[in-house]
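The data block below is structure-v3.txt; it holds compact mmCIF, C-alpha atoms.
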# COMPACT_ATOMS: atom_id res chain seq x y z
CA MET A 1 84.60 100.37 103.48
CA LYS A 2 83.13 98.39 100.58
CA SER A 3 80.62 101.14 99.82
CA PHE A 4 83.39 103.73 100.01
CA ILE A 5 85.45 101.82 97.41
CA THR A 6 82.34 101.47 95.23
CA ALA A 7 81.73 105.21 95.50
CA ILE A 8 85.35 105.95 94.53
CA LEU A 9 85.01 103.61 91.53
CA LEU A 10 81.81 105.40 90.52
CA LEU A 11 83.60 108.73 90.73
CA VAL A 12 86.42 107.43 88.56
CA ALA A 13 83.88 105.96 86.15
CA SER A 14 82.02 109.27 85.87
CA SER A 15 85.24 111.12 85.18
CA THR A 16 86.09 108.72 82.36
CA SER A 17 82.61 108.64 80.81
CA TRP A 18 83.24 111.73 78.68
CA SER A 19 86.36 110.23 77.13
CA GLN A 20 84.47 106.97 76.59
CA THR A 21 81.77 108.85 74.65
CA ALA A 22 84.46 110.46 72.53
CA ASP A 23 86.17 107.10 72.03
CA ILE A 24 82.97 105.36 70.92
CA GLU A 25 83.09 107.31 67.65
CA GLN A 26 86.57 105.92 66.97
CA MET A 27 85.47 102.31 67.36
CA PRO A 28 85.34 100.15 64.20
CA GLY A 29 81.69 99.26 64.78
CA PHE A 30 80.55 102.90 64.99
CA VAL A 31 78.05 104.11 62.38
CA ASN A 32 77.04 107.76 62.19
CA PHE A 33 73.26 108.22 61.89
CA SER A 34 73.04 111.85 62.95
CA SER A 35 72.66 113.51 59.54
CA LEU A 36 68.87 113.00 59.50
CA GLU A 37 68.32 115.59 62.23
CA SER A 38 68.38 118.39 59.68
CA ILE A 39 65.46 116.73 57.83
CA TYR A 40 63.31 115.07 60.50
CA GLY A 41 64.37 117.20 63.46
CA GLU A 42 65.34 115.76 66.83
CA PRO A 43 64.94 111.98 66.97
CA ARG A 44 61.82 110.75 68.77
CA ILE A 45 64.00 108.29 70.63
CA MET A 46 67.73 108.71 71.08
CA ILE A 47 69.55 106.14 73.18
CA ASN A 48 73.28 106.30 73.71
CA ILE A 49 74.70 103.80 76.18
CA ASN A 50 78.47 103.99 76.30
CA GLY A 51 80.93 101.35 77.44
CA THR A 52 81.39 102.71 80.97
CA LEU A 53 77.68 102.73 81.72
CA MET A 54 77.35 99.30 80.13
CA GLN A 55 80.05 97.92 82.43
CA LEU A 56 78.38 99.50 85.48
CA MET A 57 75.10 97.93 84.39
CA ALA A 58 76.85 94.59 83.90
CA ALA A 59 78.29 94.79 87.42
CA ALA A 60 74.88 95.72 88.85
CA ALA A 61 73.22 92.85 86.95
CA ALA A 62 75.89 90.40 88.14
CA SER A 63 75.39 91.46 91.76
CA ALA A 64 71.62 90.98 91.28
CA LYS A 65 72.28 87.44 89.96
CA GLU A 66 70.94 88.35 86.50
CA THR A 67 73.50 86.14 84.81
CA ASP A 68 72.21 86.31 81.21
CA ALA A 69 71.86 90.09 81.29
CA ALA A 70 75.28 90.47 82.93
CA ALA A 71 76.91 88.23 80.31
CA LEU A 72 75.31 90.14 77.44
CA MET A 73 76.18 93.58 78.88
CA LYS A 74 79.74 92.54 79.70
CA ASP A 75 80.51 91.91 76.04
CA LEU A 76 78.81 95.06 74.76
CA GLN A 77 80.77 98.27 74.33
CA GLY A 78 77.85 100.48 73.49
CA ILE A 79 74.38 100.72 71.99
CA ARG A 80 72.96 103.64 70.05
CA VAL A 81 69.38 103.93 68.86
CA ASN A 82 67.93 106.80 66.84
CA VAL A 83 64.26 106.74 65.92
CA TYR A 84 62.86 109.47 63.65
CA ASP A 85 59.27 110.10 62.67
CA THR A 86 59.19 109.95 58.89
CA ALA A 87 55.53 110.99 58.49
CA GLY A 88 55.45 109.32 55.09
CA GLU A 89 58.53 111.13 53.84
CA LEU A 90 60.78 108.16 53.17
CA GLU A 91 63.29 109.53 50.69
CA PRO A 92 65.76 111.20 53.13
CA ALA A 93 65.75 108.15 55.42
CA LEU A 94 66.23 105.78 52.50
CA ALA A 95 69.08 107.98 51.23
CA GLN A 96 70.71 107.84 54.68
CA MET A 97 70.19 104.09 54.75
CA ASN A 98 71.82 103.67 51.34
CA GLU A 99 74.70 105.92 52.35
CA ALA A 100 75.26 103.93 55.56
CA LYS A 101 74.91 100.69 53.60
CA GLN A 102 77.62 101.81 51.19
CA ILE A 103 79.95 102.78 54.04
CA LEU A 104 79.36 99.45 55.79
CA GLU A 105 80.00 97.48 52.62
CA ASP A 106 83.21 99.43 52.06
CA ARG A 107 84.26 98.49 55.62
CA GLN A 108 83.68 94.82 54.79
CA TRP A 109 80.59 94.50 56.99
CA GLN A 110 78.49 91.46 56.15
CA PRO A 111 74.84 91.95 55.13
CA ILE A 112 72.76 89.58 57.26
CA VAL A 113 69.26 90.56 56.18
CA GLN A 114 68.11 92.85 53.41
CA VAL A 115 64.39 93.26 52.89
CA LYS A 116 63.31 95.75 50.28
CA GLU A 117 59.58 96.13 49.93
CA GLU A 118 57.30 98.87 48.79
CA ASP A 119 56.19 99.88 52.29
CA GLU A 120 59.24 98.90 54.31
CA ASN A 121 62.98 98.54 53.99
CA VAL A 122 65.03 96.55 56.52
CA GLN A 123 68.81 96.25 56.44
CA MET A 124 70.97 94.37 58.93
CA PHE A 125 74.73 94.39 58.75
CA ALA A 126 77.26 92.75 61.04
CA GLN A 127 80.96 93.21 61.45
CA ILE A 128 82.41 89.76 61.88
CA GLU A 129 86.01 89.21 62.91
CA GLY A 130 86.97 85.55 63.11
CA GLU A 131 84.06 83.90 64.85
CA LEU A 132 83.07 87.00 66.79
CA MET A 133 80.44 89.55 65.86
CA GLN A 134 82.04 92.89 66.77
CA GLY A 135 79.23 95.17 65.73
CA MET A 136 75.76 95.34 64.24
CA ALA A 137 73.85 98.00 62.33
CA ILE A 138 70.12 97.63 61.90
CA MET A 139 68.11 100.08 59.82
CA VAL A 140 64.34 99.97 59.40
CA VAL A 141 62.58 102.60 57.30
CA ASN A 142 58.83 102.70 56.73
CA ALA A 143 56.08 105.30 56.38
CA GLU A 144 55.91 105.85 60.15
CA GLU A 145 59.48 105.84 61.33
CA ALA A 146 63.12 105.36 60.55
CA VAL A 147 64.95 103.24 63.12
CA PHE A 148 68.75 103.13 63.21
CA ILE A 149 70.39 100.81 65.72
CA ASN A 150 74.13 100.50 66.17
CA ILE A 151 75.46 97.82 68.50
CA LEU A 152 79.14 97.95 69.40
CA GLY A 153 80.67 94.79 70.79
CA GLU A 154 79.62 91.20 70.80
CA ILE A 155 75.98 90.22 70.85
CA ASP A 156 74.22 86.90 70.76
CA PRO A 157 70.75 87.44 69.24
CA SER A 158 69.45 84.33 70.98
CA GLN A 159 70.12 86.04 74.34
CA ILE A 160 67.93 89.06 73.64
CA GLY A 161 64.60 87.53 74.74
CA LYS A 162 66.07 86.14 77.95
CA VAL A 163 67.80 89.41 78.73
CA MET A 164 64.61 91.43 78.19
CA ASN A 165 62.84 89.15 80.66
CA GLN A 166 65.68 89.57 83.16
CA LEU A 167 65.74 93.34 82.78
CA ASN A 168 62.13 93.21 83.95
CA VAL A 169 61.32 96.46 82.16
CA ASP A 170 57.94 96.73 80.50
CA VAL A 171 58.77 98.17 77.11
CA ASP A 172 56.36 98.67 74.27
CA VAL A 173 58.45 100.05 71.43
CA ASP A 174 55.31 100.99 69.50
CA SER A 175 54.37 103.50 72.18
CA GLU A 176 57.85 104.74 73.09
CA MET B 177 121.60 115.64 170.07
CA LYS B 178 124.94 114.01 169.69
CA SER B 179 127.77 116.11 168.46
CA ASP B 180 130.02 113.20 167.55
CA LYS B 181 131.37 113.29 164.09
CA ILE B 182 130.53 110.37 161.84
CA ASP B 183 133.49 108.17 161.08
CA LEU B 184 133.21 107.77 157.34
CA ASP B 185 136.04 105.26 157.31
CA GLY B 186 134.28 103.01 159.82
CA GLU B 187 132.04 100.07 158.92
CA ASP B 188 128.89 101.41 160.61
CA TRP B 189 128.86 104.92 159.06
CA GLU B 190 125.46 104.32 157.49
CA GLN B 191 123.80 103.47 160.80
CA GLN B 192 125.48 106.51 162.33
CA LEU B 193 124.13 108.74 159.55
CA VAL B 194 120.57 107.38 159.93
CA ALA B 195 120.75 107.83 163.71
CA ALA B 196 122.03 111.40 163.32
CA LEU B 197 119.25 112.31 160.84
CA SER B 198 116.55 110.85 163.11
CA GLU B 199 117.69 113.11 165.89
CA ILE B 200 117.01 116.26 163.81
CA PRO B 201 113.78 117.87 165.14
CA VAL B 202 110.81 118.34 162.77
CA GLU B 203 110.52 121.98 161.80
CA PRO B 204 107.03 123.28 160.86
CA ALA B 205 106.79 124.53 157.25
CA PRO B 206 106.32 128.25 156.79
CA ALA B 207 102.69 129.34 156.54
CA SER B 208 103.11 130.68 153.02
CA LEU B 209 104.53 127.37 151.84
CA GLN B 210 101.69 125.50 153.53
CA ARG B 211 99.11 127.72 151.74
CA LYS B 212 100.79 127.09 148.41
CA LEU B 213 100.92 123.34 149.00
CA ARG B 214 97.25 123.20 149.99
CA ALA B 215 96.30 125.19 146.92
CA ILE B 216 97.82 122.59 144.54
CA PRO B 217 94.87 120.07 144.56
CA ARG B 218 92.35 122.91 144.08
CA GLU B 219 94.27 124.35 141.14
CA SER B 220 94.70 120.90 139.72
CA ARG B 221 90.91 120.32 139.77
CA ALA B 222 90.21 123.74 138.28
CA GLY B 223 92.72 123.19 135.49
CA SER B 224 91.34 119.83 134.35
CA GLY B 225 88.91 121.51 131.88
CA TRP B 226 88.96 121.96 128.09
CA SER B 227 91.84 124.37 127.93
CA ARG B 228 94.22 122.74 130.41
CA PRO B 229 97.62 122.40 128.69
CA GLY B 230 98.41 118.76 128.01
CA SER B 231 94.80 117.65 128.39
CA ILE B 232 93.35 115.60 125.54
CA PHE B 233 90.42 118.03 125.54
CA ASN B 234 92.51 121.10 124.98
CA LEU B 235 90.70 122.96 122.22
CA PHE B 236 93.89 124.70 121.18
CA ALA B 237 95.85 121.49 120.71
CA PRO B 238 96.86 120.87 117.05
CA ARG B 239 94.99 117.57 116.90
CA TRP B 240 91.70 119.31 117.65
CA ALA B 241 92.40 122.02 115.11
CA ILE B 242 93.06 119.35 112.47
CA ALA B 243 89.94 117.47 113.54
CA ALA B 244 87.89 120.68 113.28
CA ILE B 245 89.02 121.05 109.66
CA ALA B 246 88.91 117.36 108.75
CA LEU B 247 85.44 116.62 110.11
CA PRO B 248 83.49 119.00 107.81
CA LEU B 249 85.65 117.86 104.90
CA ALA B 250 84.92 114.20 105.65
CA LEU B 251 81.21 114.95 106.05
CA GLY B 252 81.19 116.91 102.78
CA LEU B 253 83.00 114.14 100.95
CA GLY B 254 80.62 111.56 102.39
CA ILE B 255 77.57 113.54 101.28
CA HIS B 256 79.12 114.11 97.85
CA LEU B 257 79.91 110.41 97.42
CA GLN B 258 76.43 109.49 98.58
CA SER B 259 74.79 111.83 96.06
CA GLU B 260 77.17 110.60 93.33
CA ARG B 261 76.22 107.04 94.16
CA ARG B 262 72.51 107.88 94.05
CA ALA B 263 73.00 109.63 90.69
CA HIS B 264 74.82 106.57 89.34
CA GLU B 265 72.07 104.27 90.58
CA GLN B 266 69.55 106.42 88.71
CA GLN B 267 71.85 106.38 85.67
CA ILE B 268 72.01 102.55 85.81
CA ALA B 269 68.21 102.31 86.12
CA GLN B 270 67.79 104.64 83.14
CA GLY B 271 70.44 102.64 81.24
CA ARG B 272 68.55 99.41 81.91
CA HIS B 273 65.38 100.97 80.55
CA ASP B 274 67.24 102.31 77.49
CA LEU B 275 68.85 98.93 76.89
CA ALA B 276 65.45 97.23 77.10
CA VAL B 277 64.05 99.73 74.56
CA ALA B 278 67.06 99.18 72.26
CA LEU B 279 66.70 95.40 72.51
CA GLY B 280 62.96 95.79 71.94
CA TYR B 281 63.63 97.60 68.68
CA LEU B 282 66.26 95.03 67.76
CA ALA B 283 63.87 92.18 68.47
CA ARG B 284 61.14 93.89 66.44
CA ALA B 285 63.47 94.50 63.49
CA ASN B 286 64.64 90.90 63.75
CA GLU B 287 61.07 89.65 63.83
CA LYS B 288 60.09 91.73 60.80
CA ALA B 289 63.16 90.62 58.89
CA SER B 290 62.72 86.95 59.71
CA HIS B 291 59.02 87.12 58.78
CA ARG B 292 59.85 88.72 55.44
CA VAL B 293 62.68 86.28 54.77
CA SER B 294 60.50 83.25 55.48
CA THR B 295 57.82 84.75 53.23
CA ALA B 296 60.39 85.21 50.50
CA ILE B 297 61.64 81.65 50.96
CA TYR B 298 58.07 80.36 50.89
CA GLY B 299 57.28 82.28 47.72
CA GLY B 300 60.54 81.31 46.04
CA VAL B 301 60.70 77.66 47.04
CA VAL B 302 57.12 76.47 47.04
CA GLU B 303 56.46 77.31 43.38
CA PRO B 304 59.29 75.16 41.92
CA VAL B 305 58.43 72.35 44.34
CA ALA B 306 54.83 72.47 43.17
CA GLY B 307 55.97 72.45 39.54
CA ASN B 308 58.28 69.46 40.08
CA THR B 309 55.58 67.58 41.91
CA ARG B 310 53.21 68.16 38.99
CA ASP B 311 55.85 66.84 36.58
CA LEU B 312 56.50 63.80 38.79
CA ILE B 313 52.81 62.97 38.88
CA GLN B 314 52.73 62.89 35.11
CA GLN B 315 55.91 60.77 34.75
CA PRO B 316 54.52 57.40 35.96
CA PHE B 317 51.96 57.49 33.22
CA ASP B 318 54.73 57.92 30.67
CA ILE B 319 56.72 55.03 32.20
CA VAL B 320 53.70 52.76 32.26
CA ARG B 321 53.03 53.69 28.71
CA GLU B 322 56.59 52.67 27.74
CA ILE B 323 56.20 49.30 29.42
CA GLN B 324 52.97 48.64 27.64
CA LEU B 325 54.66 49.31 24.33

For the file at hand, write its structure as structure tokens.
Amino acid sequence: MKSFITAILLLVASSTSWSQTADIEQMPGFVNFSSLESIYGEPRIMININGTLMQLMAAAAASAKETDAAALMKDLQGIRVNVYDTAGELEPALAQMNEAKQILEDRQWQPIVQVKEEDENVQMFAQIEGELMQGMAIMVVNAEEAVFINILGEIDPSQIGKVMNQLNVDVDVDSE
Amino acid sequence: MKSDKIDLDGEDWEQQLVAALSEIPVEPAPASLQRKLRAIPRESRAGSGWSRPGSIFNLFAPRWAIAAIALPLALGLGIHLQSERRAHEQQIAQGRHDLAVALGYLARANEKASHRVSTAIYGGVVEPVAGNTRDLIQQPFDIVREIQL
């Protein structure tokens, strides 16, 4: 009976996932990074985890006693990652970064880190409401790649290391 | 056989009725009736199969017709739910991998940023500190010189 109810919930979740994907673009923490496709082509890595899948993952992590991972996932509403190969052509990515930066500043996002060097440019913005961080945008552009990360929901950076250990997934982002 | 009429007004009319009935001779049943009566158990056994009306195994009973429709539906739904569940499990596994990759990139960006920030702080703070220290080293000589004067 329990598995039947779980299956029904999964069915309901799958039927709502499309609307969740549509809703994610309406969220205040959403940042559009898709305009680089016309310059760099399809992103090398494109990750789009919506709120429904995140909640399913949180429930699965909680049932597996992965408390840190479950806590982190529970507060997240979505994660999007786009990684483009720049092949030394930095200008379009830097233009996109500056455009996004302008939009984020207009939306009253707080700049956390801004590193501007000859070979690399790193920008981190956070949307802070009260004492809660509601969203993050991280942009890294260098001669090899342009990385755009958009986190929707609350995140505690100190949890990331623990969560990666709990996820028990061997990830080497340099070779992804 | 007595031919006395039963006195229905009397007190013992019941005994009289029983006595009168017991005096009636037993008549053998007609042969045709006997054949029919003997055939009943045989017919009863023959009719206890799948199609006997009123039997729980009657294939034509509505409950069996409903069951015949419901069973494939239930099996189909079960298989569908099972495959949906398997697909969701795969989706969750893929999501975990994607989340780990996303957090990996986040951690790397964080590491790069913190490294650059500490470098910037080092470059910006150490120089003035070194300059002040140099000035402080020279000051005692000036003070001593004042005392001597």

Compile the residues of chain B that lie within 7 Å of chain A, evaluated using all atoms listed in the file, and express the compilation as a count of residues only. 16

Please report the interatomic distance between CA of Ala283 (chain B) and CA of Tyr40 (chain A) in Å with one decimal.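 Separating CA of Ala283 (chain B) from CA of Tyr40 (chain A) is a distance of 24.2 Å.
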
In Å, with one decimal, what is the gap from CA of Met133 (chain A) to CA of Gln159 (chain A)? 13.8 Å

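In this model, the gap between CA of Ala244 (chain B) and CA of Glu260 (chain B) comes to 24.8 Å.
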
Name all residues at most 8 Å from Gly135 (chain A) (count only C-alpha atoms; drop same-chain ones fewer than 3 positions away) and give them as a ChimeraX atom specification. /A:29-30,126-128,150-155

List as an mmCIF file with C-alpha atoms, in the frame of the given file: which residues have an atom within 12 Å of (65.9, 116.7, 62.6), counting only C-alpha atoms?
data_model
loop_
_atom_site.group_PDB
_atom_site.id
_atom_site.type_symbol
_atom_site.label_atom_id
_atom_site.label_comp_id
_atom_site.auth_asym_id
_atom_site.auth_seq_id
_atom_site.Cartn_x
_atom_site.Cartn_y
_atom_site.Cartn_z
ATOM 1 C CA PHE A 33 73.260 108.220 61.890
ATOM 2 C CA SER A 34 73.040 111.850 62.950
ATOM 3 C CA SER A 35 72.660 113.510 59.540
ATOM 4 C CA LEU A 36 68.870 113.000 59.500
ATOM 5 C CA GLU A 37 68.320 115.590 62.230
ATOM 6 C CA SER A 38 68.380 118.390 59.680
ATOM 7 C CA ILE A 39 65.460 116.730 57.830
ATOM 8 C CA TYR A 40 63.310 115.070 60.500
ATOM 9 C CA GLY A 41 64.370 117.200 63.460
ATOM 10 C CA GLU A 42 65.340 115.760 66.830
ATOM 11 C CA PRO A 43 64.940 111.980 66.970
ATOM 12 C CA ARG A 44 61.820 110.750 68.770
ATOM 13 C CA ILE A 45 64.000 108.290 70.630
ATOM 14 C CA MET A 46 67.730 108.710 71.080
ATOM 15 C CA ASN A 82 67.930 106.800 66.840
ATOM 16 C CA VAL A 83 64.260 106.740 65.920
ATOM 17 C CA TYR A 84 62.860 109.470 63.650
ATOM 18 C CA ASP A 85 59.270 110.100 62.670
ATOM 19 C CA THR A 86 59.190 109.950 58.890
ATOM 20 C CA PRO A 92 65.760 111.200 53.130
ATOM 21 C CA ALA A 93 65.750 108.150 55.420
ATOM 22 C CA ALA A 146 63.120 105.360 60.550
#

Check the smallest atom-to-atom distance from each of A:Glu105, A:Gly51, A:Asn142, A:Glu118 to Leu76 (chain A) using all atoms listed in the file, then report the winner.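 Of all the options, A:Gly51 lies closest to Leu76 (chain A).
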
Would you please work out which residue, of A:Ala143, A:Trp109, A:Ala71, A:Met27, is nearest to Leu90 (chain A) when using only C-alpha atoms?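 When distances to Leu90 (chain A) are compared using only C-alpha atoms, the smallest one comes from A:Ala143.
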